[in-house]
Number of protein chains: 2
Amino acid sequence: MTPRPPRLPPDEQRDAIIDAARKLLAEQGHDRLRVVSVANELGMSHANVYRFFPSREALMDAIVESWLAYSRAEVKEIATRSEPPLNRLRAIVLSMHRNAKRRFREEPNVSELYEHLHGRRAESARQHIALLYGLGRELLREAAETGELAVKDLDAALRLVHAATAKFTTPRLIRESLDEDTMTQLSQVLDALLLAFRTDPELLERSHPDAR
Amino acid sequence: MTPRPPRLPPDEQRDAIIDAARKLLAEQGHDRLRVVSVANELGMSHANVYRFFPSREALMDAIVESWLAYSRAEVKEIATRSEPPLNRLRAIVLSMHRNAKRRFREEPNVSELYEHLHGRRAESARQHIALLYGLGRELLREAAETGELAVKDLDAALRLVHAATAKFTTPRLIRESLDEDTMTQLSQVLDALLLAFRTDPELLERSHPDAR
DNA sequence: TAAATAACAGAATTCGATTTATGTAACTTA
DNA sequence: TAAGTTACATAAATCGAATTCTGTTATTTA
């Protein structure tokens with residue numbers, strides 16, 4: 001009998017499972033990741049993993065979730081700086097993109113998992129996007145209060161930022177443009193949008209005839 | 001023996017093959033499309049199909065190619081209107097998007113094939129995009145000549161339009177937004193970009209520090 | 001002699017049998 | 001009695017054999 005390792009408190013055990021899963025993920029890719037393998041890695045039965053995660057999908061979601069924490073921290077720091085709100089909004093979008101790109105380079109398998117979950121609208125991805133939207137809404141509100149904006153419909157403005165930056169936030173498109181200078185492109189797209197927000201009060205009023 | 005149908009001239013036969021393939025494609029999807037089935041449909045041997053198309057891929061490319069002809073015609077018509085060049089540019093991008101969306105609704109299987117070929121950078125898709133780029137370049141040049149533009153680097157401007165409209169030109173993203181009013185969104189994105197092109201001479205001069 | 005086919009090799013796909021994995025529930029142990 | 005395992009049913013992935021398909025070449029037909 002091998003001596004059993006000391007029992008860990010639940011949270012640490014949960015984290016240990018995530019770490020083991022992350023390690024296997026980095027080696028094998030998400031479609032090769034097996035709950036059984038994660039359990040073996042830790043010397044436990046796979047049934048025990050299910051005491052911490054309701055499903056394999058939930059475990060994968062947790063990996064991505066923990067992995068996005070760093071980006072979230074940076075974004076929140078930017079949000080609280082003492083700069084004009086539109087500058088912070090700009091900095092946040094750029095930061096998200098820079099981090100996404102870095103992750104694609106450094107941890108391609110985790111990035112592919114994120115891409116996969118994003119496509120399936122998993123909780124981690126949904127939450128990640130919701131955070132951005134929330135911060136964006138708040139910053140636009142601040143900007144509107146200080147009179148920086150010519151446009152009135154802040155939700156429409158936010159949707160427009162989202163639409164125009166799809167190339168820089170959609171996992172697959174990020175992956176395809178790793179070699180381009182997308183930071184400059186994104187920066188210029190944001191400049192154009194913010195300029196229009198500041199100077200064209202009619203921008204969001206014109207809706208196109210054949211809407212569909 | 002069934003009486004053999006009268007022999008067609010080469011071009012018409014080529015078209016007949018494309019039509020038959022298109023019909024099967026609509027029924028079964030591109031991954032189920034078999035060269036043998038197309039030949040059977042026309043009562044010929046599959047080897048004969050290869051007298052007109054060097055490969056299955058080339059046949060699929062030809063389907064998409066013929067299918068894009070309508071959009072191209074409309075775009076070219078817009079390009080020759082007697083309107084300011086930037087208006088025509090705007091109208092062209094909108095027209096492309098409207099047609100793409102309509103096709104996704106009306107012929108989902110052909111659209112999926114286009115999506116597939118687009119991902120593989122096939123000739124039909126490459127050409128389609130090249131056309132847009134060419135027209136865009138020409139229209140920006142005209143606009144620059146009549147002094148409508150504040151920016152100087154026309155290729156950079158074009159790249160920016162391409163980047164900011166990715167959501168409206170990437171097949172998968174179009175498919176995912178069939179229910180949204182993307183015509184209005186696209187229209188507004190273009191307004192913002194063109195406004196910036198017209199009024200901010202520095203827009204394309206600022207490159208972002210960490211380019212990558 | 002141009003148009004078409006039959007015949008073929010190698011690639012890709014399908015199919016059914018087998019194995020492996022997921023998720024649950026009953027059971028064991030410290 | 002909470003932490004963990006064994007045992008199990010169902011779902012999913014894997015594998016090898018058989019089939020079908022692609023693309024080429026030699027042959028036939030009008």
# chains A, B, ... in the order shown; residues from 1 in each chain; ligands from 1
$ interface_residues --of "chain A" --to "chain B" --cutoff "10 Å" --atoms "only C-alpha atoms" --output "number ranges by chain"
A: 94, 98, 101-102, 156-157, 159-168, 170, 173, 178-197, 199-200, 202-212
$ write_last_selection --atoms "N, CA and C atoms" --output "compact mmCIF listing (two decimals), in the first residue's frame"
# COMPACT_ATOMS: atom_id res chain seq x y z
N LEU A 94 -8.21 47.15 -25.77
CA LEU A 94 -6.86 46.81 -26.23
C LEU A 94 -6.22 45.76 -25.34
N ARG A 98 -4.84 42.13 -26.45
CA ARG A 98 -3.43 41.78 -26.26
C ARG A 98 -3.30 40.48 -25.48
N LYS A 101 -4.36 37.43 -27.50
CA LYS A 101 -3.35 37.07 -28.48
C LYS A 101 -2.15 36.38 -27.82
N ARG A 102 -1.75 36.92 -26.69
CA ARG A 102 -0.64 36.31 -25.96
C ARG A 102 -0.98 34.88 -25.56
N ALA A 156 -26.72 51.19 -27.87
CA ALA A 156 -26.43 51.08 -29.31
C ALA A 156 -24.95 51.34 -29.56
N ALA A 157 -24.39 52.30 -28.86
CA ALA A 157 -22.97 52.60 -29.01
C ALA A 157 -22.13 51.38 -28.63
N ARG A 159 -23.07 48.24 -28.60
CA ARG A 159 -23.24 47.19 -29.61
C ARG A 159 -22.36 47.47 -30.83
N LEU A 160 -22.24 48.75 -31.14
CA LEU A 160 -21.42 49.11 -32.30
C LEU A 160 -19.95 48.80 -32.05
N VAL A 161 -19.47 49.10 -30.86
CA VAL A 161 -18.09 48.75 -30.51
C VAL A 161 -17.91 47.24 -30.64
N HIS A 162 -18.86 46.51 -30.11
CA HIS A 162 -18.79 45.05 -30.17
C HIS A 162 -18.75 44.56 -31.61
N ALA A 163 -19.62 45.12 -32.44
CA ALA A 163 -19.69 44.70 -33.84
C ALA A 163 -18.40 45.03 -34.58
N ALA A 164 -17.91 46.23 -34.39
CA ALA A 164 -16.75 46.68 -35.17
C ALA A 164 -15.45 46.04 -34.69
N THR A 165 -15.46 45.45 -33.50
CA THR A 165 -14.24 44.83 -32.99
C THR A 165 -14.32 43.30 -33.02
N ALA A 166 -15.28 42.77 -33.75
CA ALA A 166 -15.45 41.31 -33.81
C ALA A 166 -14.16 40.61 -34.22
N LYS A 167 -13.47 41.21 -35.17
CA LYS A 167 -12.21 40.59 -35.61
C LYS A 167 -11.22 40.42 -34.46
N PHE A 168 -11.32 41.26 -33.45
CA PHE A 168 -10.34 41.27 -32.37
C PHE A 168 -10.83 40.56 -31.12
N THR A 170 -13.24 37.66 -31.56
CA THR A 170 -13.68 36.31 -31.92
C THR A 170 -12.47 35.38 -31.96
N LEU A 173 -10.89 34.31 -35.30
CA LEU A 173 -10.29 35.39 -36.08
C LEU A 173 -9.01 35.89 -35.43
N LEU A 178 -2.63 36.19 -35.95
CA LEU A 178 -1.54 36.29 -34.97
C LEU A 178 -0.34 37.04 -35.53
N ASP A 179 -0.17 36.99 -36.84
CA ASP A 179 1.01 37.62 -37.42
C ASP A 179 0.78 39.06 -37.86
N GLU A 180 -0.47 39.50 -37.86
CA GLU A 180 -0.73 40.88 -38.25
C GLU A 180 -0.54 41.82 -37.06
N ASP A 181 -0.35 43.09 -37.39
CA ASP A 181 -0.26 44.09 -36.34
C ASP A 181 -1.69 44.52 -35.98
N THR A 182 -2.39 43.65 -35.31
CA THR A 182 -3.79 43.93 -35.00
C THR A 182 -3.95 44.95 -33.89
N MET A 183 -2.90 45.14 -33.08
CA MET A 183 -3.01 46.14 -32.03
C MET A 183 -3.20 47.53 -32.65
N THR A 184 -2.42 47.81 -33.67
CA THR A 184 -2.57 49.10 -34.36
C THR A 184 -3.94 49.20 -35.03
N GLN A 185 -4.33 48.13 -35.70
CA GLN A 185 -5.65 48.14 -36.36
C GLN A 185 -6.77 48.40 -35.36
N LEU A 186 -6.74 47.64 -34.27
CA LEU A 186 -7.79 47.79 -33.26
C LEU A 186 -7.79 49.20 -32.70
N SER A 187 -6.60 49.67 -32.44
CA SER A 187 -6.44 51.02 -31.92
C SER A 187 -7.10 52.05 -32.85
N GLN A 188 -6.89 51.87 -34.14
CA GLN A 188 -7.44 52.82 -35.11
C GLN A 188 -8.96 52.67 -35.24
N VAL A 189 -9.44 51.43 -35.18
CA VAL A 189 -10.89 51.23 -35.22
C VAL A 189 -11.54 51.95 -34.04
N LEU A 190 -10.94 51.78 -32.87
CA LEU A 190 -11.50 52.42 -31.68
C LEU A 190 -11.44 53.93 -31.80
N ASP A 191 -10.34 54.44 -32.32
CA ASP A 191 -10.24 55.88 -32.52
C ASP A 191 -11.37 56.39 -33.40
N ALA A 192 -11.61 55.68 -34.49
CA ALA A 192 -12.66 56.11 -35.42
C ALA A 192 -14.02 56.10 -34.72
N LEU A 193 -14.31 55.02 -34.00
CA LEU A 193 -15.60 54.91 -33.33
C LEU A 193 -15.77 56.01 -32.28
N LEU A 194 -14.75 56.19 -31.47
CA LEU A 194 -14.88 57.16 -30.39
C LEU A 194 -14.99 58.58 -30.94
N LEU A 195 -14.24 58.84 -32.02
CA LEU A 195 -14.38 60.13 -32.68
C LEU A 195 -15.82 60.37 -33.12
N ALA A 196 -16.40 59.35 -33.72
CA ALA A 196 -17.79 59.48 -34.18
C ALA A 196 -18.74 59.64 -33.00
N PHE A 197 -18.50 58.89 -31.94
CA PHE A 197 -19.35 59.02 -30.75
C PHE A 197 -19.29 60.44 -30.19
N THR A 199 -18.48 63.23 -31.89
CA THR A 199 -18.76 64.37 -32.77
C THR A 199 -20.02 64.26 -33.62
N ASP A 200 -20.57 63.06 -33.76
CA ASP A 200 -21.72 62.91 -34.66
C ASP A 200 -22.98 62.49 -33.90
N GLU A 202 -25.87 62.29 -34.81
CA GLU A 202 -26.85 61.55 -35.62
C GLU A 202 -26.43 60.11 -35.88
N LEU A 203 -25.19 59.79 -35.56
CA LEU A 203 -24.62 58.49 -35.94
C LEU A 203 -25.57 57.32 -35.70
N LEU A 204 -26.08 57.23 -34.49
CA LEU A 204 -26.88 56.06 -34.12
C LEU A 204 -28.36 56.25 -34.39
N GLU A 205 -28.70 57.41 -34.93
CA GLU A 205 -30.11 57.67 -35.20
C GLU A 205 -30.53 57.12 -36.55
N ARG A 206 -29.56 57.06 -37.46
CA ARG A 206 -29.87 56.56 -38.80
C ARG A 206 -29.94 55.04 -38.79
N SER A 207 -31.15 54.51 -38.98
CA SER A 207 -31.23 53.05 -39.11
C SER A 207 -31.43 52.72 -40.58
N HIS A 208 -30.92 51.58 -40.99
CA HIS A 208 -30.93 51.25 -42.41
C HIS A 208 -32.27 50.68 -42.84
N PRO A 209 -32.75 51.10 -44.06
CA PRO A 209 -34.06 50.65 -44.54
C PRO A 209 -34.30 49.14 -44.39
N ASP A 210 -33.60 48.32 -45.17
CA ASP A 210 -33.91 46.89 -45.06
C ASP A 210 -33.16 46.27 -43.89
N ALA A 211 -33.81 46.37 -42.76
CA ALA A 211 -33.19 45.96 -41.51
C ALA A 211 -32.94 44.45 -41.46
N ARG A 212 -33.95 43.67 -41.50
CA ARG A 212 -33.91 42.20 -41.42
C ARG A 212 -33.37 41.74 -40.10
$ interface_residues --of "chain C" --to "chain A" --cutoff "9 Å" --atoms "only C-alpha atoms (C1' of nucleotides)" --output "ChimeraX atom specification"
/C:21-23
$ interface_residues --of "chain D" --to "chain B" --cutoff "12 Å" --atoms "only C-alpha atoms (C1' of nucleotides)" --output "VMD selection string"
chain D and resid 20 to 25 30
$ atom_distance --atom1 "CA of Ile63 in chain B" --atom2 "CA of Ile18 in chain B"
5.8 Å
$ select_by_dssp --residues "chain B" --states "helix (DSSP H, G or I)" --output "ChimeraX atom specification"
/B:10-28,30-32,35-41,46-49,56-79,85-106,108-119,123-145,154-164,166-169,171-176,182-199
